Every structure is written in C-alpha cells, then in structure tokens.
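Text of query.pdb (PDB, C-alpha atoms) as supplied:
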MODEL        1
ATOM      1  CA  MET W 144     -18.986   1.665   8.809  1.00  0.00           C
ATOM      2  CA  ASP W 145     -18.082   0.680  12.370  1.00  0.00           C
ATOM      3  CA  PRO W 146     -16.770   3.181  14.953  1.00  0.00           C
ATOM      4  CA  GLY W 147     -13.175   2.198  14.077  1.00  0.00           C
ATOM      5  CA  GLY W 148     -13.623   3.523  10.514  1.00  0.00           C
ATOM      6  CA  ARG W 149     -13.688   0.080   8.921  1.00  0.00           C
ATOM      7  CA  SER W 150     -16.458  -0.974   6.590  1.00  0.00           C
ATOM      8  CA  ALA W 151     -18.091  -4.361   6.852  1.00  0.00           C
ATOM      9  CA  GLU W 152     -17.379  -6.734   3.992  1.00  0.00           C
ATOM     10  CA  GLY W 153     -20.057  -8.790   2.291  1.00  0.00           C
ATOM     11  CA  GLY W 154     -23.330  -7.836   0.652  1.00  0.00           C
ATOM     12  CA  ASP W 155     -25.722  -9.820   2.899  1.00  0.00           C
ATOM     13  CA  GLY W 156     -25.137  -7.746   6.035  1.00  0.00           C
ATOM     14  CA  GLU W 157     -22.945 -10.359   7.679  1.00  0.00           C
ATOM     15  CA  SER W 158     -19.353  -9.501   8.421  1.00  0.00           C
ATOM     16  CA  SER W 159     -16.722 -12.118   7.857  1.00  0.00           C
ATOM     17  CA  GLY W 160     -14.679 -10.626  10.687  1.00  0.00           C
ATOM     18  CA  PRO W 161     -12.352  -7.660  10.809  1.00  0.00           C
ATOM     19  CA  ALA W 162     -10.671  -6.790   7.532  1.00  0.00           C
ATOM     20  CA  ALA W 163      -6.963  -7.482   7.352  1.00  0.00           C
ATOM     21  CA  PRO W 164      -4.882  -4.353   7.861  1.00  0.00           C
ATOM     22  CA  PRO W 165      -3.426  -2.921   4.657  1.00  0.00           C
ATOM     23  CA  SER W 166       0.039  -4.114   3.700  1.00  0.00           C
ATOM     24  CA  ARG W 167       3.048  -1.924   4.314  1.00  0.00           C
ATOM     25  CA  TYR W 168       3.127  -1.122   0.588  1.00  0.00           C
ATOM     26  CA  GLU W 169      -0.564  -0.138   0.530  1.00  0.00           C
ATOM     27  CA  SER W 170      -0.133   2.042   3.635  1.00  0.00           C
ATOM     28  CA  GLN W 171       2.903   3.760   2.158  1.00  0.00           C
ATOM     29  CA  LYS W 172       1.118   4.248  -1.173  1.00  0.00           C
ATOM     30  CA  ARG W 173      -1.824   5.902   0.609  1.00  0.00           C
ATOM     31  CA  ARG W 174       0.523   8.189   2.607  1.00  0.00           C
ATOM     32  CA  ASP W 175       2.457   9.122  -0.539  1.00  0.00           C
ATOM     33  CA  TRP W 176      -0.781   9.844  -2.414  1.00  0.00           C
ATOM     34  CA  ASN W 177      -2.101  12.044   0.391  1.00  0.00           C
ATOM     35  CA  THR W 178       1.252  13.868   0.583  1.00  0.00           C
ATOM     36  CA  PHE W 179       1.151  14.565  -3.160  1.00  0.00           C
ATOM     37  CA  LEU W 180      -2.458  15.789  -2.990  1.00  0.00           C
ATOM     38  CA  GLN W 181      -1.485  18.080  -0.097  1.00  0.00           C
ATOM     39  CA  TYR W 182       1.431  19.379  -2.175  1.00  0.00           C
ATOM     40  CA  LEU W 183      -0.967  20.214  -5.024  1.00  0.00           C
ATOM     41  CA  LYS W 184      -3.323  21.940  -2.594  1.00  0.00           C
ATOM     42  CA  ASN W 185      -0.475  24.079  -1.171  1.00  0.00           C
ATOM     43  CA  HIS W 186       0.972  24.807  -4.621  1.00  0.00           C
ATOM     44  CA  LYS W 187       1.000  28.472  -5.608  1.00  0.00           C
ATOM     45  CA  PRO W 188      -1.470  28.747  -7.298  1.00  0.00           C
ATOM     46  CA  PRO W 189      -3.305  25.614  -6.086  1.00  0.00           C
ATOM     47  CA  LEU W 190      -3.267  22.904  -8.709  1.00  0.00           C
ATOM     48  CA  SER W 191      -5.926  20.341  -9.526  1.00  0.00           C
ATOM     49  CA  LEU W 192      -4.903  16.760 -10.197  1.00  0.00           C
ATOM     50  CA  SER W 193      -6.404  16.922 -13.690  1.00  0.00           C
ATOM     51  CA  ARG W 194      -4.030  19.782 -14.607  1.00  0.00           C
ATOM     52  CA  CYS W 195      -0.970  18.092 -13.116  1.00  0.00           C
ATOM     53  CA  SER W 196       1.842  17.300 -15.568  1.00  0.00           C
ATOM     54  CA  GLY W 197       5.190  15.577 -15.489  1.00  0.00           C
ATOM     55  CA  ALA W 198       6.791  18.981 -14.819  1.00  0.00           C
ATOM     56  CA  HIS W 199       4.729  19.295 -11.626  1.00  0.00           C
ATOM     57  CA  VAL W 200       5.802  15.802 -10.569  1.00  0.00           C
ATOM     58  CA  ILE W 201       9.472  16.773 -11.053  1.00  0.00           C
ATOM     59  CA  GLU W 202       8.850  19.947  -9.057  1.00  0.00           C
ATOM     60  CA  PHE W 203       7.412  17.742  -6.264  1.00  0.00           C
ATOM     61  CA  LEU W 204      10.467  15.457  -6.343  1.00  0.00           C
ATOM     62  CA  LYS W 205      12.791  18.467  -6.069  1.00  0.00           C
ATOM     63  CA  TYR W 206      10.692  19.761  -3.159  1.00  0.00           C
ATOM     64  CA  LEU W 207      11.200  16.419  -1.390  1.00  0.00           C
ATOM     65  CA  ASP W 208      15.001  16.790  -1.633  1.00  0.00           C
ATOM     66  CA  GLN W 209      14.942  19.067   1.398  1.00  0.00           C
ATOM     67  CA  PHE W 210      13.905  16.047   3.493  1.00  0.00           C
ATOM     68  CA  GLY W 211      16.563  13.734   2.021  1.00  0.00           C
ATOM     69  CA  LYS W 212      19.222  11.876   3.974  1.00  0.00           C
ATOM     70  CA  THR W 213      21.641  10.960   1.190  1.00  0.00           C
ATOM     71  CA  LYS W 214      24.803  13.065   0.887  1.00  0.00           C
ATOM     72  CA  VAL W 215      25.364  14.015  -2.744  1.00  0.00           C
ATOM     73  CA  HIS W 216      28.793  15.564  -3.265  1.00  0.00           C
ATOM     74  CA  LEU W 217      28.987  18.561  -5.553  1.00  0.00           C
ATOM     75  CA  ASN W 218      31.428  18.683  -8.458  1.00  0.00           C
ATOM     76  CA  GLY W 219      33.917  20.949  -6.612  1.00  0.00           C
ATOM     77  CA  CYS W 220      33.884  18.919  -3.373  1.00  0.00           C
ATOM     78  CA  ALA W 221      37.137  17.178  -2.399  1.00  0.00           C
ATOM     79  CA  PHE W 222      35.113  14.007  -1.832  1.00  0.00           C
ATOM     80  CA  PHE W 223      33.316  14.043  -5.184  1.00  0.00           C
ATOM     81  CA  GLY W 224      33.581  10.527  -6.572  1.00  0.00           C
ATOM     82  CA  HIS W 225      34.517   8.930  -3.230  1.00  0.00           C
ATOM     83  CA  PRO W 226      32.038   6.328  -1.942  1.00  0.00           C
ATOM     84  CA  ASN W 227      33.197   6.629   1.711  1.00  0.00           C
ATOM     85  CA  PRO W 228      34.609  10.091   2.462  1.00  0.00           C
ATOM     86  CA  PRO W 229      36.785  10.215   5.597  1.00  0.00           C
ATOM     87  CA  LEU W 230      35.506  13.606   6.775  1.00  0.00           C
ATOM     88  CA  PRO W 231      32.198  15.488   6.722  1.00  0.00           C
ATOM     89  CA  CYS W 232      31.583  18.133   4.076  1.00  0.00           C
ATOM     90  CA  ALA W 233      29.017  20.845   3.362  1.00  0.00           C
ATOM     91  CA  CYS W 234      27.433  19.105   0.373  1.00  0.00           C
ATOM     92  CA  PRO W 235      23.632  18.896   0.424  1.00  0.00           C
ATOM     93  CA  LEU W 236      21.474  15.997   1.513  1.00  0.00           C
ATOM     94  CA  ARG W 237      19.065  14.748  -1.118  1.00  0.00           C
ATOM     95  CA  GLN W 238      16.499  12.044  -1.599  1.00  0.00           C
ATOM     96  CA  ALA W 239      18.206   8.863  -2.759  1.00  0.00           C
ATOM     97  CA  TRP W 240      17.441   7.792  -6.315  1.00  0.00           C
ATOM     98  CA  GLY W 241      16.039   4.444  -5.165  1.00  0.00           C
ATOM     99  CA  SER W 242      13.592   6.187  -2.841  1.00  0.00           C
ATOM    100  CA  LEU W 243      12.405   8.493  -5.625  1.00  0.00           C
ATOM    101  CA  ASP W 244      12.043   5.608  -8.045  1.00  0.00           C
ATOM    102  CA  ALA W 245       9.963   3.598  -5.555  1.00  0.00           C
ATOM    103  CA  LEU W 246       7.874   6.686  -4.731  1.00  0.00           C
ATOM    104  CA  ILE W 247       7.070   7.280  -8.408  1.00  0.00           C
ATOM    105  CA  GLY W 248       6.049   3.641  -8.769  1.00  0.00           C
ATOM    106  CA  ARG W 249       3.636   3.916  -5.828  1.00  0.00           C
ATOM    107  CA  LEU W 250       2.217   7.243  -7.020  1.00  0.00           C
ATOM    108  CA  ARG W 251       1.798   5.924 -10.550  1.00  0.00           C
ATOM    109  CA  ALA W 252      -0.267   3.020  -9.202  1.00  0.00           C
ATOM    110  CA  ALA W 253      -2.238   5.273  -6.831  1.00  0.00           C
ATOM    111  CA  TYR W 254      -3.100   7.677  -9.647  1.00  0.00           C
ATOM    112  CA  GLU W 255      -4.745   4.909 -11.660  1.00  0.00           C
ATOM    113  CA  GLU W 256      -6.431   3.401  -8.577  1.00  0.00           C
ATOM    114  CA  ASN W 257      -7.984   6.800  -7.908  1.00  0.00           C
ATOM    115  CA  GLY W 258      -9.603   7.069 -11.323  1.00  0.00           C
ATOM    116  CA  GLY W 259      -6.778   8.445 -13.444  1.00  0.00           C
ATOM    117  CA  ARG W 260      -6.361   7.150 -16.982  1.00  0.00           C
ATOM    118  CA  PRO W 261      -3.060   5.359 -17.671  1.00  0.00           C
ATOM    119  CA  GLU W 262      -2.414   7.423 -20.816  1.00  0.00           C
ATOM    120  CA  SER W 263      -2.642  10.688 -18.848  1.00  0.00           C
ATOM    121  CA  ASN W 264      -0.679   9.514 -15.790  1.00  0.00           C
ATOM    122  CA  PRO W 265       1.799  12.339 -14.992  1.00  0.00           C
ATOM    123  CA  PHE W 266       3.961   9.933 -12.945  1.00  0.00           C
ATOM    124  CA  GLY W 267       4.661   7.913 -16.086  1.00  0.00           C
ATOM    125  CA  ALA W 268       5.574  10.949 -18.183  1.00  0.00           C
ATOM    126  CA  ARG W 269       8.733  10.795 -20.268  1.00  0.00           C
ATOM    127  CA  ALA W 270      10.128  13.881 -18.486  1.00  0.00           C
ATOM    128  CA  VAL W 271       9.826  12.095 -15.120  1.00  0.00           C
ATOM    129  CA  ARG W 272      11.653   9.015 -16.442  1.00  0.00           C
ATOM    130  CA  ILE W 273      14.433  11.221 -17.828  1.00  0.00           C
ATOM    131  CA  TYR W 274      14.685  13.148 -14.550  1.00  0.00           C
ATOM    132  CA  LEU W 275      14.985   9.902 -12.551  1.00  0.00           C
ATOM    133  CA  ARG W 276      17.673   8.612 -14.915  1.00  0.00           C
ATOM    134  CA  GLU W 277      19.643  11.863 -14.518  1.00  0.00           C
ATOM    135  CA  VAL W 278      19.340  11.710 -10.714  1.00  0.00           C
ATOM    136  CA  ARG W 279      20.541   8.098 -10.711  1.00  0.00           C
ATOM    137  CA  GLU W 280      23.547   8.876 -12.894  1.00  0.00           C
ATOM    138  CA  ALA W 281      24.468  12.061 -10.990  1.00  0.00           C
ATOM    139  CA  GLN W 282      24.260  10.348  -7.605  1.00  0.00           C
ATOM    140  CA  ALA W 283      26.294   7.376  -8.775  1.00  0.00           C
ATOM    141  CA  LYS W 284      28.955   9.674 -10.213  1.00  0.00           C
ATOM    142  CA  ALA W 285      29.052  11.862  -7.081  1.00  0.00           C
ATOM    143  CA  ARG W 286      29.564   8.796  -4.900  1.00  0.00           C
ATOM    144  CA  GLY W 287      32.118   7.179  -7.188  1.00  0.00           C
ATOM    145  CA  ILE W 288      29.895   4.226  -7.892  1.00  0.00           C
ATOM    146  CA  PRO W 289      29.572   3.642 -11.604  1.00  0.00           C
ATOM    147  CA  TYR W 290      26.059   2.717 -12.599  1.00  0.00           C
ATOM    148  CA  GLU W 291      26.031   0.160 -15.341  1.00  0.00           C
ATOM    149  CA  LYS W 292      22.869  -0.924 -16.999  1.00  0.00           C
ATOM    150  CA  LYS W 293      22.277  -4.633 -16.696  1.00  0.00           C
ATOM    151  CA  LYS W 294      22.927  -6.274 -19.994  1.00  0.00           C
ATOM    152  CA  ARG W 295      20.581  -8.939 -21.226  1.00  0.00           C
ATOM    153  CA  LYS W 296      22.222 -12.239 -21.843  1.00  0.00           C
ATOM    154  CA  ARG W 297      21.861 -13.326 -25.418  1.00  0.00           C
ATOM    155  CA  PRO W 298      20.913 -16.934 -25.883  1.00  0.00           C
ATOM    156  CA  THR W 299      23.849 -18.962 -27.091  1.00  0.00           C
ATOM    157  CA  ILE W 300      23.138 -20.926 -30.210  1.00  0.00           C
ATOM    158  CA  THR W 301      24.997 -24.169 -30.437  1.00  0.00           C
ATOM    159  CA  THR W 302      24.992 -26.050 -33.682  1.00  0.00           C
ATOM    160  CA  THR W 303      26.419 -29.348 -34.665  1.00  0.00           C
ATOM    161  CA  GLY W 304      27.578 -30.589 -37.999  1.00  0.00           C
ATOM    162  CA  SER W 305      29.702 -29.035 -40.679  1.00  0.00           C
ATOM    163  CA  SER W 306      26.860 -27.135 -42.388  1.00  0.00           C
ATOM    164  CA  ALA W 307      26.533 -24.619 -39.559  1.00  0.00           C
ATOM    165  CA  SER W 308      30.207 -24.408 -38.823  1.00  0.00           C
ATOM    166  CA  THR W 309      31.879 -21.026 -38.926  1.00  0.00           C
ATOM    167  CA  SER W 310      35.255 -22.452 -39.728  1.00  0.00           C
ATOM    168  CA  SER W 311      36.668 -21.648 -43.093  1.00  0.00           C
ATOM    169  CA  HIS W 312      36.895 -24.183 -45.856  1.00  0.00           C
ATOM    170  CA  PRO W 313      39.215 -24.016 -48.805  1.00  0.00           C
ATOM    171  CA  ALA W 314      36.253 -24.488 -51.156  1.00  0.00           C
ATOM    172  CA  SER W 315      34.571 -21.345 -49.872  1.00  0.00           C
ATOM    173  CA  GLY W 316      37.646 -19.233 -50.278  1.00  0.00           C
ATOM    174  CA  GLY W 317      38.491 -19.474 -46.591  1.00  0.00           C
ATOM    175  CA  VAL W 318      35.884 -16.896 -45.568  1.00  0.00           C
ATOM    176  CA  GLY W 319      32.658 -17.289 -43.555  1.00  0.00           C
ATOM    177  CA  PRO W 320      30.450 -20.311 -43.078  1.00  0.00           C
ATOM    178  CA  SER W 321      30.467 -23.153 -45.503  1.00  0.00           C
ATOM    179  CA  ALA W 322      27.718 -23.218 -48.087  1.00  0.00           C
ATOM    180  CA  HIS W 323      28.120 -26.961 -48.546  1.00  0.00           C
ATOM    181  CA  PRO W 324      25.944 -29.484 -46.648  1.00  0.00           C
TER     182      PRO W 324
ENDMDL
END
Transcribe the structure of this file into structure tokens.
Amino acid sequence: MDPGGRSAEGGDGESSGPAAPPSRYESQKRRDWNTFLQYLKNHKPPLSLSRCSGAHVIEFLKYLDQFGKTKVHLNGCAFFGHPNPPLPCACPLRQAWGSLDALIGRLRAAYEENGGRPESNPFGARAVRIYLREVREAQAKARGIPYEKKKRKRPTITTTGSSASTSSHPASGGVGPSAHP
C-alpha cells in the first residue's frame, strides 16, 4: 500500500498507474455501509451483523427519519393531501421514500459484497419491502400525489382472416368467435 492508502494493482510488482477513484455510487455505498455498521455497534445492546434481521433494518430506517428533509403531513394537518401547501406547518420531516429505497438497494449490494449470503440478506427481507411500500403510499397520500403502479402493456395480438375473427356469425348462434375456417 502506498502512503495515500491505495494499493498497487497487478501481480508482478509493477503498477499500472494510480487506480481510478471510486464512482459516486461506490463511495455512497461504502459510506452507507459504514453508517449501518456504526448503527449496529451503537445499538443497545450492540448487535452483530450475523444477528441482524429485517426488523433491525426497519429500526435503522426509522432512526434515519430524524435526519430527513421531506415534510410529511399528518392526517389531522390542514395541508394533508396538498402537494404545495401555502403556509408552513408543524408536521415532521422524514426521509423521502426514494432516498430510503435507494439506500436499501446500496446496502443490499454492500451486504453481499462483504461476504453476506443473498438468502440471509436482511436488506432484502419481506418486512423491509413491505415497510418501504407503506412509506411510499403514506408519503404519496400525505402530499396528495396518488401513487399508481406502472401497468405492463399487454402485447396486442392482431389476426387476419375470418377464422380468428371475434365477430358473431349467424351459424355460430351469434356468440363468440367463429368455429368455421
């Protein structure tokens, strides 16, 4: 390792030059991973990564809400359901759903990159997916922005000829597709 903390690449002792700096995504993933590990260390009682579950991940996400910047109107607020309220209110700031979703994606990848098995990844737990869905729906509702799941387009099937026609024929009783070629 050189004094700058970088390791030389290549097995023959020659360096091919300085390594490229990590991408923004890789840097953020490393910061998020270290933040989560610090959270586990400060947990009461301290928690090892191997004992971490989806419930602990949700607890971490709720902990992060205190640092959020997204206003989420409460049910009794006069601005509940309004995307652009005209006045400030006392409703809490929370982490935005999109930020939490991206964070979970980075932590899920980091867990596996750091030796975790995909089948035991707490960031991919069903409870975490349900929690994220509930946050998304609650935030959309509180801001008056309906969240609608994207619908897959079904392929349109076009047919030619009378055998695949859906028009009714007197011979078929006037119902359904024709059975005649």
Inset, instruction - Starting from the shown file, work through the PyMOL selection byres ((chain W and resi 175-190) around 8) and note down what comes out as a PyMOL selection string. - result: chain W and resi 171-174+191-192+194-195+203+246+249-250+253-254
Taking all atoms of stretch 243-256 of chain W that appear in the file, build a box with edges along x, y and z, extend it by 3 Å on every side, and state its centre and edge lengths in Å to one decimal, as AutoDock Vina command-line options.
--center_x 3.0 --center_y 5.8 --center_z -8.2 --size_x 24.8 --size_y 11.5 --size_z 12.9
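Running the PyMOL selection byres ((chain W and resi 262-264) around 10) on this file leaves Ser193, Cys195, Ser196, Gly197, Leu250, Arg251, Ala252, Tyr254, Glu255, Gly259, Arg260, Pro261, Pro265, Phe266, Gly267 and Ala268 of chain W selected.
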Inset, instruction - Determine the residue set returned by the PyMOL selection byres ((chain W and resi 276) around 12) for the present structure, and present it as a list in words. - result: Trp240, Gly241, Leu243, Asp244, Arg269, Ala270, Val271, Arg272, Ile273, Tyr274, Leu275, Glu277, Val278, Arg279, Glu280, Ala281, Gln282, Ala283, Tyr290, Glu291 and Lys292 of chain W
Selected residues written out, C-alpha atoms, as a PDB file, in the frame of the given file:
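Once everything was written out, this is result.pdb:
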ATOM      1  CA  TRP W 240      17.441   7.792  -6.315  1.00  0.00           C
ATOM      2  CA  GLY W 241      16.039   4.444  -5.165  1.00  0.00           C
ATOM      3  CA  LEU W 243      12.405   8.493  -5.625  1.00  0.00           C
ATOM      4  CA  ASP W 244      12.043   5.608  -8.045  1.00  0.00           C
ATOM      5  CA  ARG W 269       8.733  10.795 -20.268  1.00  0.00           C
ATOM      6  CA  ALA W 270      10.128  13.881 -18.486  1.00  0.00           C
ATOM      7  CA  VAL W 271       9.826  12.095 -15.120  1.00  0.00           C
ATOM      8  CA  ARG W 272      11.653   9.015 -16.442  1.00  0.00           C
ATOM      9  CA  ILE W 273      14.433  11.221 -17.828  1.00  0.00           C
ATOM     10  CA  TYR W 274      14.685  13.148 -14.550  1.00  0.00           C
ATOM     11  CA  LEU W 275      14.985   9.902 -12.551  1.00  0.00           C
ATOM     12  CA  GLU W 277      19.643  11.863 -14.518  1.00  0.00           C
ATOM     13  CA  VAL W 278      19.340  11.710 -10.714  1.00  0.00           C
ATOM     14  CA  ARG W 279      20.541   8.098 -10.711  1.00  0.00           C
ATOM     15  CA  GLU W 280      23.547   8.876 -12.894  1.00  0.00           C
ATOM     16  CA  ALA W 281      24.468  12.061 -10.990  1.00  0.00           C
ATOM     17  CA  GLN W 282      24.260  10.348  -7.605  1.00  0.00           C
ATOM     18  CA  ALA W 283      26.294   7.376  -8.775  1.00  0.00           C
ATOM     19  CA  TYR W 290      26.059   2.717 -12.599  1.00  0.00           C
ATOM     20  CA  GLU W 291      26.031   0.160 -15.341  1.00  0.00           C
ATOM     21  CA  LYS W 292      22.869  -0.924 -16.999  1.00  0.00           C
TER      22      LYS W 292
END
Legend entry - Computed interatomic separation between atom CA of W:Leu236 and atom CA of W:Lys212 (Å):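 These two atoms are separated by 5.3 Å.
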Inset, instruction - Would you kindly return, as a VMD selection string, each protein, DNA or RNA residue with an atom no farther than 7 Å from any atom of W:Ala285, considering only C-alpha atoms and excluding same-chain residues fewer than 5 positions away? - result: chain W and resid 215 to 217 223 to 224
Could you take the residues named above and write them with C-alpha atoms, as an mmCIF file, in the frame of the given file?
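Output (result09.cif):
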data_model
loop_
_atom_site.group_PDB
_atom_site.id
_atom_site.type_symbol
_atom_site.label_atom_id
_atom_site.label_comp_id
_atom_site.auth_asym_id
_atom_site.auth_seq_id
_atom_site.Cartn_x
_atom_site.Cartn_y
_atom_site.Cartn_z
ATOM 1 C CA VAL W 215 25.364 14.015 -2.744
ATOM 2 C CA HIS W 216 28.793 15.564 -3.265
ATOM 3 C CA LEU W 217 28.987 18.561 -5.553
ATOM 4 C CA PHE W 223 33.316 14.043 -5.184
ATOM 5 C CA GLY W 224 33.581 10.527 -6.572
#
Inset, instruction - Measure the distance from atom CA of W:Ala233 to atom CA of W:Lys284 in Å and round it to one decimal. - result: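 Going from atom CA of W:Ala233 over to atom CA of W:Lys284, I get 17.6 Å.
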Inset, instruction - Using all atoms listed in the file, determine which residues lie at most 9 Å from W:Cys232, disregarding the query and same-chain residues fewer than 5 positions distant; provide the list as a PyMOL selection string. - result: chain W and resi 216+220-222
Inset, instruction - Tell me, in Å to one decimal, how far atom CA of W:Asp208 is from atom CA of W:Ala245. - result: 14.7 Å
